[in-house]
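**Q** See coords-v9.txt below, with compact mmCIF, C-alpha atoms.
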```txt
# COMPACT_ATOMS: atom_id res chain seq x y z
CA MET A 1 0.00 0.00 0.00
CA ASP A 2 2.77 2.34 1.01
CA LYS A 3 4.81 1.22 -2.00
CA SER A 4 2.00 1.84 -4.48
CA GLU A 5 1.57 5.35 -3.09
CA SER A 6 5.27 5.98 -3.57
CA THR A 7 4.97 4.82 -7.18
CA LYS A 8 2.01 7.07 -7.73
CA ILE A 9 3.89 10.11 -6.53
CA GLU A 10 6.80 9.16 -8.73
CA MET A 11 4.58 8.94 -11.82
CA GLY A 12 2.90 12.22 -11.03
CA GLU A 13 6.21 14.02 -10.80
CA SER A 14 7.67 12.24 -13.75
CA SER A 15 8.64 15.33 -15.73
CA LYS A 16 10.40 16.82 -12.75
CA LEU A 17 12.16 13.53 -12.09
CA GLU A 18 13.13 13.18 -15.67
CA ARG A 19 14.58 16.63 -15.73
CA LYS A 20 16.64 15.69 -12.71
CA LEU A 21 17.79 12.51 -14.39
CA GLY A 22 18.57 14.40 -17.54
CA LYS A 23 20.96 16.64 -15.69
CA ALA A 24 22.74 13.85 -13.84
CA PRO A 25 25.77 12.83 -15.89
CA LEU A 26 26.53 9.52 -14.19
CA LEU A 27 23.27 7.65 -14.77
CA GLY A 28 23.97 6.32 -18.23
CA SER A 29 21.11 8.24 -19.84
CA PRO A 30 21.15 8.89 -23.61
CA SER A 31 23.29 11.79 -24.72
CA HIS A 32 20.33 13.77 -26.11
CA ALA A 33 18.98 14.45 -22.66
CA ILE A 34 22.36 15.32 -21.18
CA SER A 35 23.43 17.68 -23.89
CA SER A 36 20.12 19.52 -24.30
CA VAL A 37 21.39 22.68 -22.58
CA PRO A 38 24.66 22.98 -24.59
CA ILE A 39 22.73 22.36 -27.83
CA VAL A 40 20.44 25.30 -27.18
CA ALA A 41 23.39 27.54 -26.32
CA ASN A 42 25.22 26.41 -29.44
CA ASN A 43 22.17 27.04 -31.64
CA LYS A 44 21.94 30.57 -30.31
CA LYS A 45 25.63 31.15 -31.01
CA VAL A 46 25.32 29.77 -34.55
CA GLY A 47 22.21 31.93 -35.02
CA ASN A 48 24.14 35.08 -34.09
CA TYR A 49 27.00 33.98 -36.32
CA LYS A 50 24.64 33.50 -39.26
CA LYS A 51 22.91 36.81 -38.60
CA GLY A 52 26.32 38.52 -38.71
CA ILE A 53 27.09 36.87 -42.04
CA SER A 54 23.66 37.90 -43.38
CA ILE A 55 24.18 41.53 -42.41
CA PHE A 56 27.60 41.51 -44.07
CA ASP A 57 25.94 39.89 -47.10
CA LEU A 58 23.44 42.77 -47.31
CA ILE A 59 26.20 45.40 -47.07
CA LEU A 60 28.27 43.69 -49.79
CA ARG A 61 25.17 43.36 -51.95
CA ILE A 62 24.44 47.09 -51.71
CA ALA A 63 28.10 47.83 -52.49
CA SER A 64 27.97 45.58 -55.54
CA VAL A 65 24.78 47.32 -56.73
CA ALA A 66 26.77 50.56 -56.62
CA THR A 67 29.77 49.20 -58.52
CA SER A 68 27.65 47.45 -61.15
CA ILE A 69 25.59 50.61 -61.72
CA GLY A 70 28.90 52.44 -62.08
CA ALA A 71 30.08 49.91 -64.66
CA ALA A 72 26.85 49.95 -66.70
CA VAL A 73 26.37 53.72 -66.65
CA GLY A 74 30.07 54.38 -67.19
CA MET A 75 30.15 52.22 -70.30
CA ALA A 76 26.78 53.47 -71.61
CA THR A 77 27.78 57.12 -71.35
CA ALA A 78 31.26 56.59 -72.77
CA GLY A 79 31.53 58.51 -75.98
CA GLU A 80 33.77 61.02 -77.60
CA THR A 81 33.43 63.22 -80.64
CA LEU A 82 36.64 64.54 -82.11
CA PRO A 83 36.75 68.32 -82.58
CA PHE A 84 37.55 68.13 -86.30
CA PHE A 85 35.44 66.73 -89.13
CA THR A 86 35.45 66.46 -92.90
CA GLN A 87 32.55 67.15 -95.22
CA PHE A 88 31.34 63.54 -94.99
CA PHE A 89 32.60 62.24 -91.68
CA GLN A 90 32.45 63.27 -88.10
CA PHE A 91 34.79 61.20 -85.99
CA GLU A 92 33.01 59.87 -82.97
CA ALA A 93 33.21 56.81 -80.77
CA GLY A 94 30.50 55.31 -78.60
CA TYR A 95 29.95 52.03 -76.81
CA ASP A 96 27.59 50.91 -79.60
CA ASP A 97 30.41 50.95 -82.13
CA LEU A 98 31.77 47.79 -80.59
CA PRO A 99 29.40 44.82 -80.09
CA THR A 100 31.38 43.70 -77.06
CA PHE A 101 30.72 46.98 -75.27
CA THR A 102 27.01 46.70 -76.13
CA PHE A 103 27.04 43.23 -74.56
CA PHE A 104 28.80 44.72 -71.55
CA VAL A 105 26.07 47.35 -71.05
CA ILE A 106 23.27 44.79 -71.41
CA ALA A 107 24.97 42.25 -69.13
CA MET A 108 25.74 44.81 -66.42
CA SER A 109 22.14 46.08 -66.57
CA ILE A 110 20.92 42.54 -65.92
CA VAL A 111 23.42 42.26 -63.05
CA VAL A 112 22.14 45.52 -61.52
CA ALA A 113 18.51 44.32 -61.83
CA TYR A 114 19.36 40.98 -60.23
CA LEU A 115 21.32 42.52 -57.38
CA VAL A 116 18.50 44.96 -56.56
CA LEU A 117 15.94 42.12 -56.63
CA SER A 118 18.18 39.96 -54.42
CA ILE A 119 18.27 42.51 -51.58
CA PRO A 120 14.84 41.46 -50.16
CA PHE A 121 16.06 37.84 -50.02
CA SER A 122 19.16 38.99 -48.19
CA ILE A 123 16.93 40.83 -45.67
CA VAL A 124 14.87 37.65 -45.18
CA CYS A 125 18.14 35.86 -44.38
CA ILE A 126 18.85 38.47 -41.67
CA ALA A 127 15.37 38.32 -40.18
CA ARG A 128 15.17 34.51 -40.18
CA SER A 129 18.74 33.37 -39.99
CA HIS A 130 17.81 29.67 -39.82
CA VAL A 131 15.85 29.55 -43.07
CA VAL A 132 17.90 27.74 -45.70
CA ALA A 133 15.86 28.13 -48.91
CA PRO A 134 16.56 31.84 -49.66
CA ARG A 135 20.25 31.36 -48.90
CA LEU A 136 20.45 28.45 -51.33
CA LEU A 137 18.56 30.45 -53.97
CA LEU A 138 20.98 33.35 -53.49
CA ILE A 139 24.09 31.19 -53.84
CA ILE A 140 22.79 29.55 -57.05
CA PHE A 141 21.78 32.80 -58.72
CA ASP A 142 24.89 34.62 -57.46
CA THR A 143 26.98 31.98 -59.20
CA ALA A 144 25.06 32.39 -62.45
CA ILE A 145 25.37 36.18 -62.23
CA ILE A 146 29.11 36.10 -61.47
CA THR A 147 29.54 34.12 -64.70
CA LEU A 148 27.62 36.74 -66.67
CA THR A 149 29.59 39.59 -65.08
CA THR A 150 32.93 37.89 -65.66
CA SER A 151 32.22 37.11 -69.29
CA ALA A 152 31.23 40.73 -69.94
CA ALA A 153 34.25 42.06 -68.05
CA GLY A 154 36.65 39.61 -69.70
CA ALA A 155 35.40 40.33 -73.21
CA SER A 156 35.55 44.09 -72.65
CA THR A 157 39.04 43.79 -71.20
CA ALA A 158 40.20 42.10 -74.37
CA ILE A 159 38.73 44.90 -76.50
CA VAL A 160 40.02 47.68 -74.21
CA TYR A 161 43.47 46.09 -74.38
CA LEU A 162 43.26 46.06 -78.18
CA ALA A 163 42.10 49.68 -78.19
CA HIS A 164 45.09 50.67 -76.07
CA ASN A 165 47.78 48.50 -77.62
CA GLY A 166 46.48 47.26 -80.94
CA ASN A 167 47.85 44.09 -82.46
CA GLN A 168 50.56 44.17 -85.09
CA ASP A 169 50.15 40.57 -86.17
CA ALA A 170 46.47 40.97 -86.96
CA ASN A 171 47.04 44.52 -88.21
CA TRP A 172 44.56 45.97 -85.75
CA LEU A 173 45.58 49.49 -84.82
CA ALA A 174 45.10 51.08 -81.41
CA PHE A 175 42.72 54.01 -81.40
CA CYS A 176 43.26 55.27 -77.87
CA ASN A 177 45.66 57.94 -79.13
CA GLN A 178 42.74 59.55 -80.92
CA PHE A 179 39.92 58.69 -78.54
CA GLY A 180 41.67 59.06 -75.18
CA ASP A 181 38.59 60.00 -73.15
CA PHE A 182 36.53 57.14 -74.59
CA CYS A 183 39.26 54.65 -73.70
CA GLN A 184 39.58 56.11 -70.22
CA THR A 185 35.85 55.78 -69.50
CA THR A 186 35.54 52.25 -70.87
CA SER A 187 38.60 51.15 -68.88
CA GLY A 188 37.00 52.59 -65.74
CA ALA A 189 33.77 50.69 -66.45
CA VAL A 190 35.72 47.44 -66.85
CA VAL A 191 37.53 48.04 -63.56
CA ALA A 192 34.14 48.64 -61.86
CA ALA A 193 32.92 45.34 -63.30
CA PHE A 194 35.95 43.54 -61.85
CA ILE A 195 35.27 45.08 -58.42
CA THR A 196 31.70 43.74 -58.74
CA ILE A 197 33.14 40.29 -59.48
CA VAL A 198 35.31 40.39 -56.34
CA LEU A 199 32.30 41.45 -54.22
CA LEU A 200 30.18 38.64 -55.71
CA LEU A 201 32.98 36.15 -55.00
CA ILE A 202 33.00 37.18 -51.33
CA LEU A 203 29.18 36.95 -51.28
CA ILE A 204 29.26 33.37 -52.58
CA VAL A 205 31.94 32.29 -50.11
CA LEU A 206 29.99 33.87 -47.22
CA SER A 207 26.76 32.14 -48.31
CA ALA A 208 28.59 28.81 -48.51
CA ILE A 209 29.97 29.28 -44.98
CA ALA A 210 26.49 30.22 -43.70
CA LEU A 211 25.01 27.12 -45.36
CA LYS A 212 27.70 24.98 -43.76
CA ARG A 213 26.79 26.22 -40.27
CA HIS A 214 23.23 25.05 -40.81
CA MET B 1 11.56 1.61 5.49
CA ASP B 2 9.44 0.16 2.76
CA LYS B 3 9.35 3.51 1.01
CA SER B 4 13.11 4.01 1.10
CA GLU B 5 13.60 0.58 -0.42
CA SER B 6 11.26 1.47 -3.24
CA THR B 7 13.25 4.63 -3.86
CA LYS B 8 16.46 2.65 -3.91
CA ILE B 9 15.14 0.27 -6.54
CA GLU B 10 13.94 3.17 -8.60
CA MET B 11 17.38 4.82 -8.53
CA GLY B 12 19.08 1.58 -9.47
CA GLU B 13 16.88 1.13 -12.54
CA SER B 14 17.02 4.76 -13.44
CA SER B 15 18.31 4.32 -16.96
CA LYS B 16 15.63 1.79 -17.81
CA LEU B 17 12.97 4.03 -16.32
CA GLU B 18 14.23 6.98 -18.18
CA ARG B 19 14.20 5.12 -21.45
CA LYS B 20 10.58 4.27 -20.75
CA LEU B 21 9.83 7.91 -20.02
CA GLY B 22 11.64 9.00 -23.10
CA LYS B 23 9.47 6.87 -25.34
CA ALA B 24 6.17 7.94 -23.74
CA PRO B 25 4.83 10.87 -25.76
CA LEU B 26 2.40 12.19 -23.16
CA LEU B 27 4.78 12.90 -20.29
CA GLY B 28 6.04 16.27 -21.43
CA SER B 29 9.60 15.08 -21.92
CA PRO B 30 11.97 17.09 -24.17
CA SER B 31 11.68 16.44 -27.88
CA HIS B 32 15.28 15.20 -28.18
CA ALA B 33 14.49 11.96 -26.42
CA ILE B 34 11.23 11.36 -28.29
CA SER B 35 12.57 11.95 -31.77
CA SER B 36 15.83 10.04 -31.41
CA VAL B 37 14.74 7.14 -33.65
CA PRO B 38 13.48 9.25 -36.62
CA ILE B 39 16.64 11.39 -36.45
CA VAL B 40 18.86 8.35 -37.02
CA ALA B 41 16.73 7.17 -39.96
CA ASN B 42 16.76 10.63 -41.47
CA ASN B 43 20.55 10.92 -41.10
CA LYS B 44 21.00 7.70 -43.03
CA LYS B 45 18.74 8.92 -45.82
CA VAL B 46 20.56 12.26 -45.99
CA GLY B 47 23.85 10.36 -46.01
CA ASN B 48 22.81 8.35 -49.08
CA TYR B 49 21.54 11.50 -50.74
CA LYS B 50 24.87 13.25 -50.13
CA LYS B 51 26.82 10.23 -51.35
CA GLY B 52 24.81 10.33 -54.60
CA ILE B 53 25.61 14.02 -55.02
CA SER B 54 29.30 13.34 -54.34
CA ILE B 55 29.47 10.61 -56.97
CA PHE B 56 27.78 12.89 -59.50
CA ASP B 57 30.28 15.60 -58.45
CA LEU B 58 33.19 13.27 -59.25
CA ILE B 59 31.75 12.35 -62.66
CA LEU B 60 31.20 16.00 -63.56
CA ARG B 61 34.70 16.85 -62.36
CA ILE B 62 36.26 14.22 -64.62
CA ALA B 63 34.14 15.47 -67.54
CA SER B 64 35.27 19.05 -66.90
CA VAL B 65 38.91 17.89 -66.81
CA ALA B 66 38.34 16.48 -70.30
CA THR B 67 36.70 19.63 -71.68
CA SER B 68 39.27 21.96 -70.13
CA ILE B 69 42.14 19.87 -71.51
CA GLY B 70 40.39 20.05 -74.87
CA ALA B 71 40.18 23.84 -74.61
CA ALA B 72 43.81 24.31 -73.53
CA VAL B 73 45.31 21.88 -76.04
CA GLY B 74 43.00 23.04 -78.83
CA MET B 75 44.05 26.64 -78.40
CA ALA B 76 47.73 25.84 -77.87
CA THR B 77 47.96 23.77 -81.05
CA ALA B 78 45.93 26.20 -83.16
CA GLY B 79 48.14 27.50 -85.90
CA GLU B 80 48.14 27.89 -89.62
CA THR B 81 50.80 28.73 -92.13
CA LEU B 82 49.61 30.01 -95.46
CA PRO B 83 50.98 28.11 -98.48
CA PHE B 84 52.42 31.21 -100.15
CA PHE B 85 55.19 33.50 -98.97
CA THR B 86 57.21 36.45 -100.14
CA GLN B 87 60.95 36.86 -99.86
CA PHE B 88 60.67 38.48 -96.42
CA PHE B 89 57.42 37.19 -94.99
CA GLN B 90 55.79 33.91 -94.34
CA PHE B 91 52.18 34.31 -93.34
CA GLU B 92 51.41 32.31 -90.26
CA ALA B 93 49.05 32.59 -87.34
CA GLY B 94 49.42 31.05 -83.89
CA TYR B 95 47.82 31.52 -80.50
CA ASP B 96 50.87 33.51 -79.33
CA ASP B 97 50.18 36.23 -81.89
CA LEU B 98 47.28 37.41 -79.77
CA PRO B 99 47.90 38.08 -76.04
CA THR B 100 44.29 37.12 -75.25
CA PHE B 101 44.80 33.63 -76.64
CA THR B 102 48.03 33.30 -74.65
CA PHE B 103 46.06 34.24 -71.53
CA PHE B 104 43.46 31.64 -72.53
CA VAL B 105 46.06 28.88 -72.75
CA ILE B 106 47.62 29.80 -69.40
CA ALA B 107 44.24 30.15 -67.66
CA MET B 108 42.91 26.85 -69.01
CA SER B 109 46.14 25.10 -67.97
CA ILE B 110 45.60 26.39 -64.42
CA VAL B 111 41.98 25.17 -64.59
CA VAL B 112 43.10 21.70 -65.71
CA ALA B 113 45.68 21.53 -62.90
CA TYR B 114 43.10 22.62 -60.31
CA LEU B 115 40.45 20.18 -61.52
CA VAL B 116 42.89 17.25 -61.44
CA LEU B 117 44.02 18.23 -57.93
CA SER B 118 40.39 18.56 -56.78
CA ILE B 119 39.50 14.96 -57.69
CA PRO B 120 40.98 13.50 -54.45
CA PHE B 121 38.86 15.94 -52.41
CA SER B 122 35.81 14.84 -54.35
CA ILE B 123 36.65 11.21 -53.53
CA VAL B 124 36.98 12.13 -49.84
CA CYS B 125 33.46 13.60 -50.08
CA ILE B 126 32.18 10.25 -51.40
CA ALA B 127 33.97 8.18 -48.76
CA ARG B 128 32.97 10.41 -45.84
CA SER B 129 29.78 12.06 -46.94
CA HIS B 130 29.26 13.86 -43.63
CA VAL B 131 32.57 15.72 -43.63
CA VAL B 132 31.93 19.38 -44.41
CA ALA B 133 35.42 20.89 -44.72
CA PRO B 134 36.44 19.42 -48.13
CA ARG B 135 33.04 20.29 -49.58
CA LEU B 136 33.37 23.91 -48.43
CA LEU B 137 36.93 24.07 -49.80
CA LEU B 138 35.70 22.71 -53.15
CA ILE B 139 32.86 25.22 -53.43
CA ILE B 140 35.16 28.17 -52.66
CA PHE B 141 37.88 27.15 -55.09
CA ASP B 142 35.36 26.10 -57.75
CA THR B 143 33.92 29.59 -57.61
CA ALA B 144 37.37 31.15 -58.00
CA ILE B 145 38.17 28.82 -60.90
CA ILE B 146 34.85 29.46 -62.68
CA THR B 147 35.75 33.16 -62.63
CA LEU B 148 39.13 32.46 -64.20
CA THR B 149 37.61 30.18 -66.84
CA THR B 150 34.87 32.64 -67.69
CA SER B 151 37.23 35.59 -68.03
CA ALA B 152 39.45 33.59 -70.38
CA ALA B 153 36.50 32.32 -72.40
CA GLY B 154 34.84 35.75 -72.54
CA ALA B 155 38.01 37.52 -73.63
CA SER B 156 38.75 34.91 -76.30
CA THR B 157 35.17 35.09 -77.53
CA ALA B 158 35.56 38.82 -78.10
CA ILE B 159 38.74 38.24 -80.11
CA VAL B 160 37.31 35.30 -82.08
CA TYR B 161 34.29 37.44 -82.92
CA LEU B 162 36.61 40.18 -84.16
CA ALA B 163 38.61 37.67 -86.18
CA HIS B 164 35.41 36.44 -87.81
CA ASN B 165 33.57 39.72 -88.31
CA GLY B 166 36.07 42.49 -87.87
CA ASN B 167 34.92 45.95 -86.83
CA GLN B 168 34.39 48.67 -89.37
CA ASP B 169 34.19 51.52 -86.87
CA ALA B 170 37.58 50.71 -85.37
CA ASN B 171 38.95 49.71 -88.78
CA TRP B 172 39.88 46.24 -87.55
CA LEU B 173 39.68 43.76 -90.40
CA ALA B 174 38.59 40.15 -90.08
CA PHE B 175 41.30 37.63 -90.90
CA CYS B 176 39.25 34.44 -90.86
CA ASN B 177 38.97 34.51 -94.65
CA GLN B 178 42.73 33.98 -94.84
CA PHE B 179 43.25 31.88 -91.73
CA GLY B 180 40.14 29.71 -91.77
CA ASP B 181 41.61 26.69 -89.98
CA PHE B 182 43.12 28.82 -87.23
CA CYS B 183 39.76 30.50 -86.61
CA GLN B 184 37.98 27.15 -86.59
CA THR B 185 40.32 25.68 -83.98
CA THR B 186 40.25 28.70 -81.70
CA SER B 187 36.45 28.83 -81.90
CA GLY B 188 36.33 25.17 -80.90
CA ALA B 189 38.61 25.84 -77.94
CA VAL B 190 36.35 28.67 -76.79
CA VAL B 191 33.29 26.43 -77.05
CA ALA B 192 35.09 23.77 -74.96
CA ALA B 193 35.82 26.45 -72.35
CA PHE B 194 32.13 27.38 -72.21
CA ILE B 195 31.18 23.72 -71.71
CA THR B 196 33.68 23.64 -68.82
CA ILE B 197 31.93 26.71 -67.35
CA VAL B 198 28.53 25.00 -67.50
CA LEU B 199 29.94 21.88 -65.81
CA LEU B 200 31.55 24.02 -63.08
CA LEU B 201 28.25 25.84 -62.56
CA ILE B 202 26.45 22.52 -61.99
CA LEU B 203 29.28 21.44 -59.65
CA ILE B 204 28.86 24.58 -57.52
CA VAL B 205 25.07 24.23 -57.34
CA LEU B 206 25.43 20.55 -56.34
CA SER B 207 27.97 21.41 -53.64
CA ALA B 208 25.66 24.11 -52.28
CA ILE B 209 22.75 21.64 -52.12
CA ALA B 210 24.97 19.06 -50.40
CA LEU B 211 26.10 21.69 -47.86
CA LYS B 212 22.47 22.61 -47.21
CA ARG B 213 21.60 19.00 -46.33
CA HIS B 214 24.26 19.04 -43.64
```
Is it possible to express this structure as structure tokens?
**A**
Amino acid sequence: MDKSESTKIEMGESSKLERKLGKAPLLGSPSHAISSVPIVANNKKVGNYKKGISIFDLILRIASVATSIGAAVGMATAGETLPFFTQFFQFEAGYDDLPTFTFFVIAMSIVVAYLVLSIPFSIVCIARSHVVAPRLLLIIFDTAIITLTTSAAGASTAIVYLAHNGNQDANWLAFCNQFGDFCQTTSGAVVAAFITIVLLLILIVLSAIALKRH
Amino acid sequence: MDKSESTKIEMGESSKLERKLGKAPLLGSPSHAISSVPIVANNKKVGNYKKGISIFDLILRIASVATSIGAAVGMATAGETLPFFTQFFQFEAGYDDLPTFTFFVIAMSIVVAYLVLSIPFSIVCIARSHVVAPRLLLIIFDTAIITLTTSAAGASTAIVYLAHNGNQDANWLAFCNQFGDFCQTTSGAVVAAFITIVLLLILIVLSAIALKRH
């Protein structure tokens, strides 16, 4: 009778008892129960860590919007008209004279549009640092966009190099002596595109590290 | 006396009791203990999933070694000597006539070297599908290498386009009419580089998905 009462009490206070057991390290209980407190602490730490990465991601994203706008606008507004002209010709250079530069302007416009649209996703990553889907989306599209940016920047670099140095073997003459300002502006746009590439690279590495800490 | 004995028994069988408590869903015990069985099953499933991704990663990596070797060797061996010559000149074209093509050969050689060196890491990912460090290393370096590949491919595309079409505004003449074989080979090398880029893109997306399932 006394025993059954003792058992009854024990069952009634089971959750309390269990909590006690869970904290006792020498009773051979499963590790889940023992380590529940450290797990929570660790999750919180990882959460802060991921939030820090997400904030840095947002800052880098805004910076890369700025540099890509600089690249697109710089190239699109590059143009120079020489101060002398003949009866039939006026010597002028613009980005649309070279198909590669046109590609550069289109590609960088797409990059700007993508980066602006990606900012809300980056903010979602800050607000809910444990959500994985937007981070995965960002890393996939960032990789696609870095490819677009790099191809535009690489192609334009090749043309800018030709414009500066020419090529004797192919008999392509440099025209930067005549169109100095045009060359200067297009070179600046290409440099801005390369800065965008570096920022995107850091963004992808950060996203990968944040995914790892899932 | 009877009560204390009951308590003693209870303490002695604590681990058994606790296991019983842990399996009972209505006792308000922490979720760790309840869900221990499904977690193990899920881990195994995720492990298989990640192993599948790793095997696919290895296959893609070997394929990209092949395409990047094709690109590097194709460009390096591109050359054509015209069958007529004057007293002073022999008309020939090689990749080293154009600095962009030289850059292409060097960049693609680096890509080949990296991809070959990355195969052991990919194998480690298959053997130990839960290890995160090699996967993170691969995704970071893959991203760097895709940038290098794309810049080389983009720059060479711009030059190949010029060689085919020329540019009237800059007064750069096409030379593919004279050096048809040379243009053909370099175009093929550029296409091989773009296939490498696509394979690397898939590799990065796969690595990101595998990291997510950590």
**Q** Give me the residues within 8 Å of range 68-73 of chain B as a PDB file with C-alpha atoms, in the frame of the given file, counting all atoms listed in the file and dropping any in the same chain fewer than 3 places off.
**A**
```pdb
ATOM      1  CA  SER B  64      35.270  19.050 -66.900  1.00  0.00           C
ATOM      2  CA  VAL B  65      38.910  17.890 -66.810  1.00  0.00           C
ATOM      3  CA  ALA B  76      47.730  25.840 -77.870  1.00  0.00           C
ATOM      4  CA  THR B  77      47.960  23.770 -81.050  1.00  0.00           C
ATOM      5  CA  PHE B 104      43.460  31.640 -72.530  1.00  0.00           C
ATOM      6  CA  VAL B 105      46.060  28.880 -72.750  1.00  0.00           C
ATOM      7  CA  ILE B 106      47.620  29.800 -69.400  1.00  0.00           C
ATOM      8  CA  MET B 108      42.910  26.850 -69.010  1.00  0.00           C
ATOM      9  CA  SER B 109      46.140  25.100 -67.970  1.00  0.00           C
ATOM     10  CA  VAL B 111      41.980  25.170 -64.590  1.00  0.00           C
ATOM     11  CA  VAL B 112      43.100  21.700 -65.710  1.00  0.00           C
ATOM     12  CA  GLY B 188      36.330  25.170 -80.900  1.00  0.00           C
ATOM     13  CA  ALA B 189      38.610  25.840 -77.940  1.00  0.00           C
ATOM     14  CA  VAL B 190      36.350  28.670 -76.790  1.00  0.00           C
ATOM     15  CA  VAL B 191      33.290  26.430 -77.050  1.00  0.00           C
ATOM     16  CA  ALA B 192      35.090  23.770 -74.960  1.00  0.00           C
ATOM     17  CA  ALA B 193      35.820  26.450 -72.350  1.00  0.00           C
ATOM     18  CA  THR B 196      33.680  23.640 -68.820  1.00  0.00           C
TER      19      THR B 196
END
```
**Q** Just how far from CA of Tyr161 in chain B is CA of Glu80 in chain B, in Å to one decimal?
**A**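 These atoms are spaced 18.1 Å apart.
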**Q** Could you check how far CA of Ser151 in chain B sits from CA of Ala153 in chain A, in Å to one decimal?
**A**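 Between these atoms lies a distance of 7.1 Å.
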**Q** Pick out the closest residue to Val131 in chain B from this set: A:His164, A:Cys176, A:Ala158, A:Lys212. Count only C-alpha atoms.
**A** A:Lys212
**Q** I need the residue nearest Phe182 in chain A from this list: A:Ile55, A:Ile123, A:Lys45, A:Gly94. Use all atoms listed in the file for the distance.
**A**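 Using all atoms listed in the file, Phe182 in chain A sits closest to A:Gly94.
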**Q** In Å, how far is it from CA of Ala66 in chain A to CA of Lys51 in chain A?
**A**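 Going from CA of Ala66 in chain A over to CA of Lys51 in chain A covers 23.0 Å.
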**Q** I need the residue nearest chain A from this list: B:Ser54, B:Gln168, B:Thr185, B:Ser122. Use all atoms listed in the file for the distance.
**A**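 Result for the nearest residue to chain A: B:Gln168.
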**Q** Counting only C-alpha atoms, what are the residues of range 95-204 of chain B within 9 Å of range 199-211 of chain A, and for each of them which pair of atoms is the nearest and at what distance in Å, to one decimal? Sort the table by chain and rising number, as CSV.
**A**
```
residue,atom,partner,partner_atom,distance
B:Leu136,CA,A:Ala208,CA,6.8
B:Ile139,CA,A:Ala208,CA,7.4
B:Ile140,CA,A:Val205,CA,5.8
B:Thr143,CA,A:Leu201,CA,7.1
B:Ala144,CA,A:Leu201,CA,7.3
B:Thr147,CA,A:Leu201,CA,8.7
```
**Q** Limited to C-alpha atoms, could you put the picked residues into a file as a short mmCIF file (atom, residue, chain, number, x, y, z; two decimals), keeping the file's coordinate frame?
**A**
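selection-v9.cif, freshly written:
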```cif
data_model
loop_
_atom_site.label_atom_id
_atom_site.label_comp_id
_atom_site.auth_asym_id
_atom_site.auth_seq_id
_atom_site.Cartn_x
_atom_site.Cartn_y
_atom_site.Cartn_z
CA LEU B 136 33.37 23.91 -48.43
CA ILE B 139 32.86 25.22 -53.43
CA ILE B 140 35.16 28.17 -52.66
CA THR B 143 33.92 29.59 -57.61
CA ALA B 144 37.37 31.15 -58.00
CA THR B 147 35.75 33.16 -62.63
#
```
**Q** Do you know which residues are at most 8 Å from Trp172 in chain B counting all atoms listed in the file, after dropping those on the same chain fewer than 5 positions away, and could you put them as number ranges by chain?
**A** A: 171-173; B: 162, 166-167
**Q** Selection from above, C-alpha atoms, as a JSON list (two decimals), in the coordinates of the input, can you write it?
**A**
```json
[["chain", "number", "residue", "atom", "x", "y", "z"],
["A", 171, "ASN", "CA", 47.04, 44.52, -88.21],
["A", 172, "TRP", "CA", 44.56, 45.97, -85.75],
["A", 173, "LEU", "CA", 45.58, 49.49, -84.82],
["B", 162, "LEU", "CA", 36.61, 40.18, -84.16],
["B", 166, "GLY", "CA", 36.07, 42.49, -87.87],
["B", 167, "ASN", "CA", 34.92, 45.95, -86.83]]
```
**Q** Between B:Leu60, B:Ile145, B:Ile159, B:Leu115, which is the closest to chain A once you count all atoms listed in the file?
**A**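 Once distances to chain A are computed over all atoms listed in the file, the minimum belongs to B:Ile159.
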**Q** Counting all atoms listed in the file, which residue out of B:Ile62, B:Tyr95, B:Asn177, B:Thr186 sits closest to Val116 in chain B?
**A**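 Closest candidate: B:Ile62.
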**Q** Given the choices A:Leu82, A:Ala93, A:Ala63, A:Asp57, which gets closest to Leu138 in chain A if the distance is worked out from all atoms listed in the file?
**A**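 Under the stated criterion, the closest residue is A:Asp57.
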